[in-house]
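Structure file structure04.txt; described as compact mmCIF, C-alpha atoms and all ligand atoms.
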# COMPACT_ATOMS: atom_id res chain seq x y z
CA MET V 1 15.68 -1.33 -18.20
CA SER V 2 12.95 -2.27 -15.69
CA GLY V 3 10.09 -1.86 -18.19
CA TYR V 4 7.49 -1.75 -15.45
CA ILE V 5 3.96 -0.51 -16.16
CA ILE V 6 1.30 0.10 -13.52
CA THR V 7 -2.23 0.26 -14.97
CA TYR V 8 -4.63 1.75 -12.46
CA PHE V 9 -7.17 4.49 -11.81
CA PRO V 10 -6.00 8.07 -11.11
CA LEU V 11 -5.64 7.15 -7.42
CA ARG V 12 -3.12 6.04 -4.82
CA GLY V 13 -5.41 3.18 -3.71
CA ARG V 14 -4.20 -0.37 -4.15
CA ALA V 15 -1.32 0.60 -6.42
CA GLU V 16 0.36 2.95 -3.93
CA ALA V 17 2.33 0.40 -1.88
CA ILE V 18 3.75 -0.87 -5.19
CA ARG V 19 4.80 2.67 -6.12
CA LEU V 20 6.42 3.18 -2.68
CA LEU V 21 8.44 -0.02 -3.06
CA LEU V 22 9.59 0.80 -6.60
CA ALA V 23 10.49 4.39 -5.72
CA ASP V 24 12.45 3.29 -2.65
CA GLN V 25 14.37 0.77 -4.72
CA GLY V 26 15.21 3.35 -7.39
CA ALA V 27 13.16 1.55 -10.05
CA GLU V 28 11.29 3.51 -12.71
CA TRP V 29 7.83 2.69 -13.95
CA LYS V 30 5.21 3.96 -16.42
CA GLU V 31 1.68 4.81 -15.31
CA GLU V 32 -1.22 3.80 -17.56
CA VAL V 33 -4.06 5.81 -16.03
CA VAL V 34 -7.61 4.52 -16.61
CA SER V 35 -10.39 6.98 -15.84
CA GLU V 36 -13.07 5.54 -13.57
CA LYS V 37 -15.69 6.99 -15.89
CA LYS V 38 -14.27 5.16 -18.93
CA TRP V 39 -13.72 1.94 -16.95
CA LYS V 40 -17.25 1.87 -15.47
CA GLY V 41 -18.76 3.32 -18.65
CA GLY V 42 -17.61 0.21 -20.46
CA GLU V 43 -16.02 2.33 -23.23
CA VAL V 44 -12.74 0.60 -22.45
CA ASP V 45 -12.81 -3.17 -22.90
CA LEU V 46 -9.89 -3.32 -20.50
CA LYS V 47 -12.02 -4.74 -17.65
CA LYS V 48 -12.85 -7.80 -19.71
CA THR V 49 -9.18 -8.43 -20.41
CA THR V 50 -8.22 -8.54 -16.72
CA VAL V 51 -8.14 -11.77 -14.69
CA PHE V 52 -10.55 -10.61 -11.96
CA GLY V 53 -12.17 -7.63 -13.68
CA GLN V 54 -10.11 -5.38 -11.42
CA LEU V 55 -7.01 -3.17 -11.29
CA PRO V 56 -4.09 -2.69 -10.56
CA GLN V 57 -2.43 -4.52 -13.41
CA PHE V 58 1.36 -4.76 -13.24
CA GLN V 59 3.59 -5.49 -16.23
CA ASP V 60 7.25 -6.45 -16.05
CA GLY V 61 8.15 -6.69 -19.72
CA ASP V 62 5.73 -9.29 -21.13
CA PHE V 63 4.92 -10.68 -17.67
CA VAL V 64 1.47 -9.49 -16.48
CA LEU V 65 0.29 -9.77 -12.86
CA TYR V 66 -2.86 -8.74 -10.93
CA GLN V 67 -3.67 -8.63 -7.18
CA SER V 68 -1.74 -5.88 -5.38
CA ASN V 69 -0.34 -8.22 -2.71
CA ALA V 70 0.86 -10.74 -5.29
CA ILE V 71 2.60 -7.88 -7.09
CA LEU V 72 4.25 -6.80 -3.81
CA ARG V 73 5.42 -10.37 -3.14
CA TYR V 74 6.78 -10.67 -6.68
CA LEU V 75 8.77 -7.45 -6.28
CA GLY V 76 9.77 -8.51 -2.77
CA GLN V 77 11.40 -11.62 -4.21
CA LYS V 78 12.93 -9.68 -7.08
CA TYR V 79 14.51 -6.96 -4.90
CA GLY V 80 15.44 -9.07 -1.89
CA LEU V 81 12.67 -7.58 0.25
CA TYR V 82 11.36 -10.87 1.62
CA GLY V 83 13.53 -11.61 4.68
CA SER V 84 16.65 -13.72 5.03
CA ASN V 85 15.02 -17.13 5.58
CA GLY V 86 11.71 -19.03 5.52
CA LYS V 87 10.65 -17.96 9.00
CA GLU V 88 11.29 -14.26 8.28
CA ALA V 89 9.41 -14.57 4.98
CA ALA V 90 6.48 -16.15 6.84
CA LEU V 91 6.47 -13.32 9.41
CA ILE V 92 6.55 -10.76 6.59
CA ASP V 93 3.56 -12.46 4.96
CA MET V 94 1.77 -12.51 8.34
CA VAL V 95 2.30 -8.77 8.77
CA ASN V 96 1.06 -8.06 5.26
CA ASP V 97 -2.05 -10.15 5.84
CA GLY V 98 -2.67 -8.06 8.97
CA VAL V 99 -2.21 -4.90 6.93
CA GLU V 100 -4.71 -6.25 4.40
CA ASP V 101 -7.25 -6.77 7.21
CA LEU V 102 -6.81 -3.12 8.26
CA ARG V 103 -7.02 -1.98 4.64
CA HIS V 104 -10.36 -3.79 4.28
CA LYS V 105 -11.66 -1.98 7.37
CA TYR V 106 -10.46 1.34 5.94
CA GLU V 107 -12.11 0.66 2.58
CA GLY V 108 -15.33 -0.26 4.39
CA LEU V 109 -15.29 3.14 6.06
CA VAL V 110 -14.35 5.11 2.95
CA PHE V 111 -16.64 3.36 0.46
CA ARG V 112 -19.51 2.14 2.62
CA ARG V 113 -19.32 4.48 5.61
CA GLU V 114 -19.26 1.38 7.82
CA PRO V 115 -18.97 2.09 10.71
CA ASP V 116 -19.43 5.85 11.03
CA PRO V 117 -16.11 7.79 11.02
CA GLN V 118 -16.25 8.67 14.72
CA LYS V 119 -16.70 5.02 15.78
CA TYR V 120 -13.99 3.93 13.34
CA ILE V 121 -11.51 6.42 14.79
CA GLU V 122 -12.47 5.44 18.35
CA GLU V 123 -11.77 1.77 17.54
CA LEU V 124 -8.63 2.48 15.49
CA PRO V 125 -6.15 2.04 18.41
CA ASN V 126 -7.29 -1.60 18.68
CA HIS V 127 -6.23 -2.14 15.07
CA LEU V 128 -2.95 -0.19 15.27
CA GLY V 129 -1.82 -1.74 18.56
CA PRO V 130 -0.70 -5.05 17.00
CA PHE V 131 1.73 -3.24 14.70
CA GLU V 132 3.20 -1.25 17.62
CA ARG V 133 3.70 -4.53 19.48
CA LEU V 134 5.30 -6.19 16.43
CA LEU V 135 7.74 -3.28 16.15
CA SER V 136 8.58 -3.51 19.87
CA GLN V 137 9.39 -7.21 19.43
CA ASN V 138 11.77 -6.55 16.52
CA SER V 139 14.99 -4.81 17.67
CA LYS V 140 12.90 -2.66 20.05
CA GLY V 141 11.16 -1.06 17.07
CA SER V 142 14.36 0.55 15.80
CA VAL V 143 14.33 -0.97 12.30
CA PHE V 144 11.56 -2.55 10.24
CA ILE V 145 8.31 -4.39 10.90
CA ALA V 146 9.84 -7.86 10.51
CA GLY V 147 13.36 -9.19 10.10
CA ARG V 148 16.58 -7.18 9.90
CA LYS V 149 16.01 -5.61 6.46
CA ILE V 150 13.20 -3.63 4.88
CA SER V 151 10.60 -5.87 3.30
CA TYR V 152 7.64 -5.52 0.96
CA ALA V 153 5.36 -5.52 4.04
CA ASP V 154 6.95 -2.24 5.22
CA PHE V 155 5.71 -0.44 2.11
CA SER V 156 2.24 -1.94 2.52
CA LEU V 157 2.11 -0.93 6.20
CA LEU V 158 3.49 2.54 5.48
CA HIS V 159 0.78 3.14 2.89
CA VAL V 160 -2.03 2.10 5.22
CA LEU V 161 -0.57 4.20 8.06
CA GLN V 162 -0.34 7.24 5.78
CA ASN V 163 -3.99 6.74 4.78
CA HIS V 164 -4.95 6.70 8.46
CA LEU V 165 -2.80 9.74 9.27
CA ASN V 166 -4.71 11.56 6.55
CA LEU V 167 -8.02 10.45 8.09
CA ALA V 168 -6.97 11.08 11.71
CA PRO V 169 -3.68 13.07 12.01
CA ASP V 170 -3.31 12.18 15.73
CA CYS V 171 -3.92 8.44 15.28
CA LEU V 172 -0.29 7.52 16.05
CA LYS V 173 0.05 9.87 19.05
CA SER V 174 -0.09 6.98 21.52
CA PHE V 175 2.10 4.74 19.35
CA PRO V 176 5.67 6.14 19.61
CA LEU V 177 7.30 3.26 17.74
CA LEU V 178 4.88 3.52 14.82
CA SER V 179 5.33 7.31 14.72
CA ALA V 180 9.12 6.97 14.60
CA TYR V 181 8.77 4.15 12.05
CA VAL V 182 6.78 6.37 9.66
CA GLU V 183 9.32 9.19 10.08
CA ARG V 184 12.21 6.80 9.47
CA LEU V 185 10.72 5.20 6.34
CA THR V 186 9.56 8.46 4.79
CA SER V 187 13.06 9.92 5.26
CA ARG V 188 14.66 7.22 3.10
CA PRO V 189 16.27 9.30 0.31
CA LYS V 190 14.65 7.82 -2.81
CA LEU V 191 11.29 7.35 -1.12
CA LYS V 192 11.40 10.95 0.15
CA VAL V 193 11.91 12.23 -3.42
CA TYR V 194 8.83 10.28 -4.57
CA LEU V 195 6.69 11.40 -1.62
CA GLU V 196 7.51 15.02 -2.45
CA SER V 197 6.85 14.56 -6.19
CA GLU V 198 3.98 16.25 -8.04
CA ALA V 199 2.86 12.82 -9.28
CA ARG V 200 2.36 11.58 -5.72
CA ILE V 201 0.98 14.78 -4.25
CA ASN V 202 -1.54 15.23 -7.05
CA ARG V 203 -2.77 11.64 -6.95
CA PRO V 204 -5.89 11.37 -4.75
CA ILE V 205 -5.92 8.85 -1.90
CA MET V 206 -9.31 7.53 -2.91
CA PRO V 207 -11.95 8.27 -5.55
CA LYS V 208 -14.15 11.27 -5.01
CA ASP V 209 -17.70 10.31 -4.07
N1 LIG I 1 -7.65 -7.86 -4.27
C1 LIG I 1 -7.45 -6.89 -5.32
C2 LIG I 1 -8.53 -5.83 -5.24
C3 LIG I 1 -8.49 -4.93 -6.46
C4 LIG I 1 -9.62 -3.92 -6.45
O1 LIG I 1 -10.47 -3.90 -5.57
N2 LIG I 1 -9.58 -3.07 -7.47
C5 LIG I 1 -10.60 -2.04 -7.61
C6 LIG I 1 -9.94 -0.68 -7.51
S1 LIG I 1 -9.09 -0.54 -6.00
C7 LIG I 1 -10.24 0.28 -5.02
S2 LIG I 1 -9.64 1.37 -4.03
N3 LIG I 1 -11.54 0.00 -5.14
C8 LIG I 1 -12.58 0.71 -4.48
C9 LIG I 1 -12.86 2.08 -5.09
C10 LIG I 1 -12.86 2.11 -6.59
C11 LIG I 1 -13.86 1.50 -7.33
C12 LIG I 1 -13.81 1.60 -8.70
C13 LIG I 1 -12.79 2.29 -9.32
C14 LIG I 1 -11.79 2.88 -8.54
C15 LIG I 1 -11.81 2.78 -7.18
C16 LIG I 1 -11.22 -2.13 -8.98
O2 LIG I 1 -10.56 -2.53 -9.94
N4 LIG I 1 -12.47 -1.70 -9.07
C17 LIG I 1 -13.10 -1.63 -10.37
C18 LIG I 1 -14.06 -2.77 -10.61
O3 LIG I 1 -14.13 -3.64 -9.70
O4 LIG I 1 -14.70 -2.75 -11.67
C19 LIG I 1 -6.07 -6.25 -5.20
O5 LIG I 1 -5.56 -6.22 -4.08
O6 LIG I 1 -5.50 -5.83 -6.23

For the structure just supplied, provide its representation as structure tokens.
Amino acid sequence: MSGYIITYFPLRGRAEAIRLLLADQGAEWKEEVVSEKKWKGGEVDLKKTTVFGQLPQFQDGDFVLYQSNAILRYLGQKYGLYGSNGKEAALIDMVNDGVEDLRHKYEGLVFRREPDPQKYIEELPNHLGPFERLLSQNSKGSVFIAGRKISYADFSLLHVLQNHLNLAPDCLKSFPLLSAYVERLTSRPKLKVYLESEARINRPIMPKD
């Protein structure tokens, strides 16, 4: 019994890469949904009980973890999604740190409108190019972003690419390896079932304004 619980807002947000990993690995989890209104309204003393005053919170039995990337690394170790040796693990961490940089840019746009959407989309190829190059350097882009097996960084990258495809549906048009990569990952049987689920479809990408 996995006994996983994800406590987060009614959003994909920073919990979504965790959900993608768990779904792909056939693991079940429970969602504890915290309304933004209750959280910010202070009616729920949950914020005070968290390490950084933030969500997601991840529970594996009586083990409690915060920080979405730490949760991904924990599950990466647990499910063998962290490469086959130290160098592969380091490359996987490098990729995920690069994904985090892009996620910060995306959050800046979505929450602070910095820069304006048109400028962001114009500059987007500069931020997607490194991932296309990484794919081309790993088995000519025919497998995963780093190493020979899928890793936790693939779920993180997939999530951020899906966010950008929602923002700019043509953003991968000039990146054939990334386009094929998204198709390949989203066709993985268990992940495909999750991506087509009501739970996923009905969960907003980001909070409404
Ligand atoms: N480094 C952390 C960042 C976690 C984080 O930013 N969590 C946000 C939610 S994730 C996100 S998409 N934040 C921006 C939009 C948002 C704000 C408030 C509630 C829901 C979404 C949060 O808990 N905000 C509430 C608060 O700080 O009181 C991680 O990766 O888990």

Compute the set of protein, DNA and RNA residues whose minimum atom distance to ligand LIG 1 (chain I) is at most 8 Å, using only C-alpha atoms and all ligand atoms, and state it as number ranges by chain. V: 8-9, 11, 13-15, 36, 39-40, 47, 53-57, 66-70, 107, 111, 206-207

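The shortest atom-to-atom distance to Ile5 (chain V), with only C-alpha atoms taken into account, belongs to V:Val64 out of V:Val64, V:Ile145, V:Val160, V:Ala199.
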
Local residues around (15.4, -6.4, -6.1), at most 10 Å away, using only C-alpha atoms, as a CSV table (one decimal) with C-alpha atoms, keeping the file's coordinate frame:
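As written to disk, point.csv reads:
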chain,number,residue,atom,x,y,z
V,21,LEU,CA,8.4,0.0,-3.1
V,22,LEU,CA,9.6,0.8,-6.6
V,25,GLN,CA,14.4,0.8,-4.7
V,26,GLY,CA,15.2,3.4,-7.4
V,27,ALA,CA,13.2,1.6,-10.0
V,74,TYR,CA,6.8,-10.7,-6.7
V,75,LEU,CA,8.8,-7.4,-6.3
V,76,GLY,CA,9.8,-8.5,-2.8
V,77,GLN,CA,11.4,-11.6,-4.2
V,78,LYS,CA,12.9,-9.7,-7.1
V,79,TYR,CA,14.5,-7.0,-4.9
V,80,GLY,CA,15.4,-9.1,-1.9
V,81,LEU,CA,12.7,-7.6,0.2
V,82,TYR,CA,11.4,-10.9,1.6

Exercise: residues within 12 Å of coordinate (15.3, 4.8, 2.2), counting all atoms listed in the file, as an MDAnalysis selection string: chainID V and resid 20:26 143:144 149:151 154:155 181:195

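In this model, the gap between CA of Glu31 (chain V) and CA of Phe58 (chain V) comes to 9.8 Å.
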
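Here CA of Thr7 (chain V) and CA of Glu114 (chain V) stand 28.5 Å from one another.
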
Find, counting all atoms listed in the file, the residue in V:Gly41, V:Gly98, V:Gly61, V:Pro176 that gets nearest to Pro130 (chain V). V:Gly98

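Relative to CA of Gly141 (chain V), CA of Leu91 (chain V) is found at 15.2 Å.
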
For His159 (chain V): contacts at 8 Å, all atoms listed in the file, fewer than 3 positions along chain excluded, given as a list in words: Glu16, Ala17, Leu20, Phe155, Ser156, Gln162 and Asn163 of chain V

Tell me, as a list in words, which residues lie within 9 Å of Tyr120 (chain V), counting all atoms listed in the file; anything in the same chain fewer than 6 positions away does not count. Lys105, Tyr106, Leu109 and Glu114 of chain V

Listed atoms of region 110-123 of chain V boxed along x, y and z, 3 Å each side, centre and edge lengths in Å, one decimal, as lines of an AutoDock Vina configuration file:
center_x = -15.5
center_y = 5.0
center_z = 9.4
size_x = 14.0
size_y = 13.3
size_z = 23.9

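In this comparison, which uses only C-alpha atoms, the residue of V:Leu178, V:Pro125, V:Gly3, V:Arg148 approaching Asp62 (chain V) most closely is V:Gly3.
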
Taking only C-alpha atoms into account, which of V:Ile71, V:Val33, V:Ile6, V:Val99 comes nearest Leu128 (chain V)? V:Val99

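Checking V:Ile18, V:Glu196, V:Pro10, V:Asp45 one by one against Lys208 (chain V), counting all atoms listed in the file, you find the shortest gap at V:Pro10.
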
May I ask which of the residues V:Glu132, V:Asp60, V:Asp116, V:Glu122 is the closest one to Val95 (chain V), counting all atoms listed in the file? V:Glu132
